[in-house]
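Asker: There's a structure below that I have some questions on.
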Amino acid sequence: MLSKKLEKALNNQIQIEAESSQVYLSMASWAENQGLEGIAGFMYAHSDEERMHMLKLVKYVNERGGHALISDLKAPKTDFGTFQKMFQELYDHEVFVSQSINDLVHVTLEEKDYATHNFLQWYVAEQIEEEALARTILDKINLIGNDKGGLYLFDRDVQQITADSAAGPAPM
Ligand code: FEO
């Protein structure tokens, strides 16, 4: 059985993952409108992943005798300026999510809930991969600069850049 404090903290993370899914969906739609099909595809897939992160938490909370709450979400912005700025925002957002996962893991230790501590290790590993992926993409964007050919290739290939290739061998 989850403690009330941990249940609340897990519900907060459910909201963060749901909002992340909306943020990336909004980025996908913006990119599609700009004719950046590859980047849009990357963001649509990323949005789906965040929904999966959310669902995993929803099911866990309910399985442990808590009540997973589906709440109002903050509306994401709809204009991202340039795709370079958009990927910087993606990186900053993932750093924020990593911090919230860290805070959540801290609560499991305070509450001595080692089952939830164990469950959250998947998220800890996932955040390492997501940050590495975002950093790899930012490095590539810096290399391209304003080169139109480079941008064309980046848009074509961005969906092939996976978290695994960014992070190297999985730490299993
Ligand atoms: Fe679910 Fe990208 O963090």
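Residue names in the structure tokens use chain letters A, B, ... in the order shown, residue numbers from 1 in each chain, and ligand numbers from 1 in the order shown.
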Please produce, as CSV, a per-residue contact table for segment 40-76 of chain A versus segment 126-145 of chain A (criterion: any atom at most 12 Å away, only C-alpha atoms considered), showing the nearest atom pair and its distance in Å to one decimal, sorted by chain then residue number.

Answerer:
```
residue,atom,partner,partner_atom,distance
A:Phe42,CA,A:Ile137,CA,11.4
A:Met43,CA,A:Ala134,CA,11.8
A:His46,CA,A:Glu130,CA,9.9
A:Glu49,CA,A:Glu126,CA,10.7
A:Glu50,CA,A:Glu126,CA,11.0
A:His53,CA,A:Glu126,CA,9.6
```

Asker: Could you write those residues out with all heavy atoms, as a PDB file, in the first residue's frame?

Answerer:
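Once written, result.pdb looks like this:
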```
ATOM      1  N   PHE A  42       9.610  12.591 -35.437  1.00  0.00           N
ATOM      2  CA  PHE A  42      10.371  12.374 -34.205  1.00  0.00           C
ATOM      3  C   PHE A  42       9.553  12.820 -32.993  1.00  0.00           C
ATOM      4  O   PHE A  42       9.465  12.117 -31.982  1.00  0.00           O
ATOM      5  CB  PHE A  42      11.680  13.160 -34.290  1.00  0.00           C
ATOM      6  CG  PHE A  42      12.505  13.137 -33.030  1.00  0.00           C
ATOM      7  CD1 PHE A  42      13.440  12.139 -32.818  1.00  0.00           C
ATOM      8  CD2 PHE A  42      12.340  14.122 -32.058  1.00  0.00           C
ATOM      9  CE1 PHE A  42      14.203  12.113 -31.648  1.00  0.00           C
ATOM     10  CE2 PHE A  42      13.098  14.111 -30.898  1.00  0.00           C
ATOM     11  CZ  PHE A  42      14.028  13.100 -30.694  1.00  0.00           C
ATOM     12  N   MET A  43       8.937  13.997 -33.090  1.00  0.00           N
ATOM     13  CA  MET A  43       8.175  14.550 -31.961  1.00  0.00           C
ATOM     14  C   MET A  43       6.881  13.777 -31.706  1.00  0.00           C
ATOM     15  O   MET A  43       6.491  13.577 -30.556  1.00  0.00           O
ATOM     16  CB  MET A  43       7.860  16.035 -32.198  1.00  0.00           C
ATOM     17  CG  MET A  43       9.074  16.938 -32.156  1.00  0.00           C
ATOM     18  SD  MET A  43       9.889  16.912 -30.527  1.00  0.00           S
ATOM     19  CE  MET A  43      11.257  18.047 -30.839  1.00  0.00           C
ATOM     20  N   HIS A  46       7.940  10.808 -29.850  1.00  0.00           N
ATOM     21  CA  HIS A  46       8.343  11.177 -28.496  1.00  0.00           C
ATOM     22  C   HIS A  46       7.120  11.438 -27.617  1.00  0.00           C
ATOM     23  O   HIS A  46       7.094  11.076 -26.440  1.00  0.00           O
ATOM     24  CB  HIS A  46       9.220  12.426 -28.574  1.00  0.00           C
ATOM     25  CG  HIS A  46      10.254  12.480 -27.512  1.00  0.00           C
ATOM     26  ND1 HIS A  46      11.342  11.661 -27.489  1.00  0.00           N
ATOM     27  CD2 HIS A  46      10.345  13.247 -26.406  1.00  0.00           C
ATOM     28  CE1 HIS A  46      12.073  11.931 -26.410  1.00  0.00           C
ATOM     29  NE2 HIS A  46      11.485  12.891 -25.745  1.00  0.00           N
ATOM     30  N   GLU A  49       5.784   8.195 -26.489  1.00  0.00           N
ATOM     31  CA  GLU A  49       6.609   7.623 -25.411  1.00  0.00           C
ATOM     32  C   GLU A  49       6.232   8.210 -24.054  1.00  0.00           C
ATOM     33  O   GLU A  49       6.183   7.504 -23.045  1.00  0.00           O
ATOM     34  CB  GLU A  49       8.095   7.925 -25.661  1.00  0.00           C
ATOM     35  CG  GLU A  49       8.810   6.845 -26.425  1.00  0.00           C
ATOM     36  CD  GLU A  49      10.312   7.060 -26.414  1.00  0.00           C
ATOM     37  OE1 GLU A  49      10.876   7.397 -25.357  1.00  0.00           O
ATOM     38  OE2 GLU A  49      10.912   6.912 -27.489  1.00  0.00           O
ATOM     39  N   GLU A  50       5.997   9.511 -24.042  1.00  0.00           N
ATOM     40  CA  GLU A  50       5.621  10.162 -22.776  1.00  0.00           C
ATOM     41  C   GLU A  50       4.277   9.658 -22.277  1.00  0.00           C
ATOM     42  O   GLU A  50       4.082   9.478 -21.074  1.00  0.00           O
ATOM     43  CB  GLU A  50       5.590  11.688 -22.927  1.00  0.00           C
ATOM     44  CG  GLU A  50       6.908  12.315 -23.330  1.00  0.00           C
ATOM     45  CD  GLU A  50       8.043  12.049 -22.348  1.00  0.00           C
ATOM     46  OE1 GLU A  50       7.784  11.607 -21.212  1.00  0.00           O
ATOM     47  OE2 GLU A  50       9.201  12.262 -22.737  1.00  0.00           O
ATOM     48  N   HIS A  53       5.022   6.525 -20.591  1.00  0.00           N
ATOM     49  CA  HIS A  53       5.594   6.780 -19.256  1.00  0.00           C
ATOM     50  C   HIS A  53       4.470   7.082 -18.258  1.00  0.00           C
ATOM     51  O   HIS A  53       4.509   6.644 -17.108  1.00  0.00           O
ATOM     52  CB  HIS A  53       6.541   7.984 -19.276  1.00  0.00           C
ATOM     53  CG  HIS A  53       7.758   7.807 -20.131  1.00  0.00           C
ATOM     54  ND1 HIS A  53       8.638   8.836 -20.400  1.00  0.00           N
ATOM     55  CD2 HIS A  53       8.257   6.714 -20.779  1.00  0.00           C
ATOM     56  CE1 HIS A  53       9.614   8.383 -21.166  1.00  0.00           C
ATOM     57  NE2 HIS A  53       9.404   7.106 -21.421  1.00  0.00           N
TER      58      HIS A  53
END
```

Asker: Could you give me, as a tab-separated table, every chain A residue with an atom at most 12 Å from ligand 1, plus its closest atom pair and distance in Å to one decimal, counting only C-alpha atoms and all ligand atoms, rows ordered by chain then number?

Answerer:
```
residue	atom	partner	partner_atom_place_in_ligand_line	distance
A:Gln13	CA	ligand 1	1 (Fe)	9.0
A:Ile14	CA	ligand 1	1 (Fe)	9.3
A:Gln15	CA	ligand 1	1 (Fe)	10.5
A:Ile16	CA	ligand 1	1 (Fe)	7.9
A:Glu17	CA	ligand 1	1 (Fe)	5.2
A:Ala18	CA	ligand 1	1 (Fe)	8.4
A:Glu19	CA	ligand 1	1 (Fe)	9.5
A:Ser20	CA	ligand 1	2 (Fe)	6.8
A:Ser21	CA	ligand 1	1 (Fe)	8.0
A:Gln22	CA	ligand 1	2 (Fe)	11.3
A:Val23	CA	ligand 1	2 (Fe)	10.3
A:Tyr24	CA	ligand 1	2 (Fe)	9.3
A:Met43	CA	ligand 1	2 (Fe)	11.0
A:Ala45	CA	ligand 1	2 (Fe)	11.2
A:His46	CA	ligand 1	2 (Fe)	7.6
A:Ser47	CA	ligand 1	2 (Fe)	8.5
A:Asp48	CA	ligand 1	1 (Fe)	9.9
A:Glu49	CA	ligand 1	1 (Fe)	7.1
A:Glu50	CA	ligand 1	1 (Fe)	4.7
A:Arg51	CA	ligand 1	1 (Fe)	7.9
A:Met52	CA	ligand 1	1 (Fe)	8.2
A:His53	CA	ligand 1	1 (Fe)	5.3
A:Met54	CA	ligand 1	1 (Fe)	7.3
A:Leu55	CA	ligand 1	1 (Fe)	10.5
A:Lys56	CA	ligand 1	1 (Fe)	10.4
A:Leu57	CA	ligand 1	1 (Fe)	10.4
A:Glu89	CA	ligand 1	2 (Fe)	11.9
A:Leu90	CA	ligand 1	2 (Fe)	8.6
A:Tyr91	CA	ligand 1	2 (Fe)	9.2
A:Asp92	CA	ligand 1	2 (Fe)	10.5
A:His93	CA	ligand 1	2 (Fe)	7.8
A:Glu94	CA	ligand 1	2 (Fe)	5.4
A:Val95	CA	ligand 1	2 (Fe)	8.9
A:Phe96	CA	ligand 1	3 (O)	8.9
A:Val97	CA	ligand 1	3 (O)	5.7
A:Ser98	CA	ligand 1	3 (O)	7.3
A:Gln99	CA	ligand 1	3 (O)	10.4
A:Ser100	CA	ligand 1	3 (O)	9.7
A:Ile101	CA	ligand 1	3 (O)	8.9
A:Leu120	CA	ligand 1	1 (Fe)	11.7
A:Trp122	CA	ligand 1	1 (Fe)	10.7
A:Tyr123	CA	ligand 1	1 (Fe)	7.5
A:Val124	CA	ligand 1	3 (O)	9.7
A:Ala125	CA	ligand 1	3 (O)	10.6
A:Glu126	CA	ligand 1	3 (O)	7.4
A:Gln127	CA	ligand 1	3 (O)	6.2
A:Ile128	CA	ligand 1	3 (O)	9.8
A:Glu129	CA	ligand 1	2 (Fe)	9.2
A:Glu130	CA	ligand 1	2 (Fe)	6.0
A:Glu131	CA	ligand 1	2 (Fe)	8.2
A:Ala132	CA	ligand 1	2 (Fe)	11.2
A:Leu133	CA	ligand 1	2 (Fe)	10.3
A:Ala134	CA	ligand 1	2 (Fe)	9.8
A:Ala163	CA	ligand 1	2 (Fe)	11.0
```

Asker: According to DSSP computed on the backbone, where in chain A is there alpha helix (DSSP H)? Give the residues as an MDAnalysis selection string.

Answerer: chainID A and resid 4:33 37:63 83:110 114:144 148:157 163:167

Asker: If you keep C-alpha atoms, can you produce a file of those selected residues as a tab-separated table (two decimals), in the first residue's frame?

Answerer:
```tsv
chain	number	residue	atom	x	y	z
A	4	LYS	CA	-0.48	9.19	1.06
A	5	LYS	CA	2.64	11.29	0.60
A	6	LEU	CA	4.10	8.95	-2.01
A	7	GLU	CA	0.75	8.56	-3.77
A	8	LYS	CA	0.58	12.34	-4.10
A	9	ALA	CA	4.14	12.52	-5.42
A	10	LEU	CA	3.44	9.76	-7.97
A	11	ASN	CA	0.29	11.56	-9.09
A	12	ASN	CA	2.36	14.69	-9.59
A	13	GLN	CA	4.70	12.71	-11.85
A	14	ILE	CA	1.70	11.35	-13.78
A	15	GLN	CA	0.73	14.94	-14.52
A	16	ILE	CA	4.29	15.85	-15.56
A	17	GLU	CA	4.49	12.90	-17.99
A	18	ALA	CA	1.07	13.77	-19.43
A	19	GLU	CA	2.11	17.39	-19.89
A	20	SER	CA	5.36	16.23	-21.51
A	21	SER	CA	3.31	14.25	-24.02
A	22	GLN	CA	1.30	17.39	-24.82
A	23	VAL	CA	4.43	19.54	-25.15
A	24	TYR	CA	5.95	17.15	-27.71
A	25	LEU	CA	2.64	16.80	-29.52
A	26	SER	CA	2.52	20.58	-29.87
A	27	MET	CA	6.13	20.56	-31.13
A	28	ALA	CA	5.19	17.86	-33.66
A	29	SER	CA	2.29	19.89	-34.96
A	30	TRP	CA	4.39	23.05	-35.21
A	31	ALA	CA	7.14	21.19	-37.10
A	32	GLU	CA	4.62	19.61	-39.46
A	33	ASN	CA	3.28	23.08	-40.23
A	37	GLU	CA	8.29	16.16	-41.71
A	38	GLY	CA	11.15	14.23	-40.15
A	39	ILE	CA	11.30	16.40	-37.05
A	40	ALA	CA	7.50	16.16	-36.78
A	41	GLY	CA	7.73	12.36	-36.93
A	42	PHE	CA	10.37	12.37	-34.21
A	43	MET	CA	8.18	14.55	-31.96
A	44	TYR	CA	5.00	12.50	-32.58
A	45	ALA	CA	6.92	9.37	-31.53
A	46	HIS	CA	8.34	11.18	-28.50
A	47	SER	CA	4.86	12.29	-27.49
A	48	ASP	CA	3.69	8.66	-27.61
A	49	GLU	CA	6.61	7.62	-25.41
A	50	GLU	CA	5.62	10.16	-22.78
A	51	ARG	CA	2.08	8.82	-22.80
A	52	MET	CA	3.55	5.37	-22.19
A	53	HIS	CA	5.59	6.78	-19.26
A	54	MET	CA	2.38	8.22	-17.86
A	55	LEU	CA	0.35	5.01	-18.31
A	56	LYS	CA	3.00	2.91	-16.61
A	57	LEU	CA	2.71	5.16	-13.54
A	58	VAL	CA	-1.11	5.15	-13.63
A	59	LYS	CA	-1.17	1.36	-13.61
A	60	TYR	CA	1.46	1.13	-10.89
A	61	VAL	CA	-0.36	3.53	-8.53
A	62	ASN	CA	-3.64	1.63	-8.93
A	63	GLU	CA	-1.92	-1.74	-8.56
A	83	PHE	CA	13.63	24.18	-34.75
A	84	GLN	CA	16.98	24.89	-33.03
A	85	LYS	CA	15.19	26.66	-30.18
A	86	MET	CA	12.63	23.88	-30.07
A	87	PHE	CA	15.27	21.19	-29.50
A	88	GLN	CA	16.89	23.35	-26.81
A	89	GLU	CA	13.48	23.45	-25.11
A	90	LEU	CA	13.22	19.67	-25.43
A	91	TYR	CA	16.58	19.31	-23.68
A	92	ASP	CA	15.66	21.77	-20.92
A	93	HIS	CA	12.35	19.97	-20.45
A	94	GLU	CA	14.06	16.59	-20.07
A	95	VAL	CA	16.44	18.04	-17.46
A	96	PHE	CA	13.36	19.26	-15.58
A	97	VAL	CA	11.75	15.80	-15.81
A	98	SER	CA	14.96	14.15	-14.54
A	99	GLN	CA	14.91	16.46	-11.54
A	100	SER	CA	11.30	15.59	-10.77
A	101	ILE	CA	12.11	11.85	-11.01
A	102	ASN	CA	15.03	12.40	-8.60
A	103	ASP	CA	12.73	14.19	-6.17
A	104	LEU	CA	10.25	11.33	-6.44
A	105	VAL	CA	12.94	8.73	-5.75
A	106	HIS	CA	13.90	10.76	-2.70
A	107	VAL	CA	10.32	10.48	-1.37
A	108	THR	CA	10.43	6.66	-1.75
A	109	LEU	CA	13.48	6.61	0.54
A	110	GLU	CA	11.83	8.92	3.08
A	114	TYR	CA	11.57	0.00	-1.59
A	115	ALA	CA	9.15	-1.55	-4.08
A	116	THR	CA	8.41	1.88	-5.54
A	117	HIS	CA	12.09	2.77	-5.32
A	118	ASN	CA	12.80	-0.30	-7.42
A	119	PHE	CA	9.96	0.47	-9.87
A	120	LEU	CA	11.32	3.98	-10.43
A	121	GLN	CA	14.78	2.77	-11.45
A	122	TRP	CA	13.38	2.23	-14.96
A	123	TYR	CA	12.59	5.97	-15.08
A	124	VAL	CA	16.02	6.90	-13.75
A	125	ALA	CA	17.67	4.91	-16.58
A	126	GLU	CA	15.20	6.29	-19.14
A	127	GLN	CA	16.04	9.88	-18.16
A	128	ILE	CA	19.77	9.25	-18.66
A	129	GLU	CA	18.96	8.06	-22.18
A	130	GLU	CA	16.58	10.91	-22.94
A	131	GLU	CA	19.06	13.56	-21.83
A	132	ALA	CA	21.85	11.89	-23.84
A	133	LEU	CA	19.59	11.78	-26.90
A	134	ALA	CA	18.69	15.45	-26.58
A	135	ARG	CA	22.36	16.41	-26.15
A	136	THR	CA	23.35	14.37	-29.23
A	137	ILE	CA	20.71	16.18	-31.26
A	138	LEU	CA	21.84	19.61	-30.02
A	139	ASP	CA	25.44	18.73	-30.98
A	140	LYS	CA	24.31	17.82	-34.50
A	141	ILE	CA	22.29	21.03	-34.80
A	142	ASN	CA	25.37	23.05	-33.79
A	143	LEU	CA	27.40	21.30	-36.48
A	144	ILE	CA	24.82	22.13	-39.15
A	148	LYS	CA	20.49	24.31	-45.81
A	149	GLY	CA	21.79	20.96	-47.08
A	150	GLY	CA	22.66	20.00	-43.53
A	151	LEU	CA	19.18	20.90	-42.36
A	152	TYR	CA	17.65	18.82	-45.14
A	153	LEU	CA	19.71	15.80	-44.07
A	154	PHE	CA	18.98	16.43	-40.39
A	155	ASP	CA	15.23	16.49	-41.04
A	156	ARG	CA	15.54	13.32	-43.11
A	157	ASP	CA	17.63	11.43	-40.54
A	163	ALA	CA	18.38	6.97	-27.43
A	164	ASP	CA	20.47	3.80	-27.65
A	165	SER	CA	22.89	5.23	-30.19
A	166	ALA	CA	23.15	8.43	-28.15
A	167	ALA	CA	23.79	6.75	-24.82
```

Asker: What is the atom CA of Gly81 of chain A-atom CA of Asp147 of chain A distance in Å, reported with one decimal?

Answerer: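 So the two atoms, atom CA of Gly81 of chain A and atom CA of Asp147 of chain A, lie 17.8 Å apart.
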
Asker: For atom CA of Asn146 of chain A and atom CA of Thr82 of chain A, determine how far apart the two atoms are, in Å to one decimal place.

Answerer: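 Value for the atom CA of Asn146 of chain A-atom CA of Thr82 of chain A distance: 11.7 Å.
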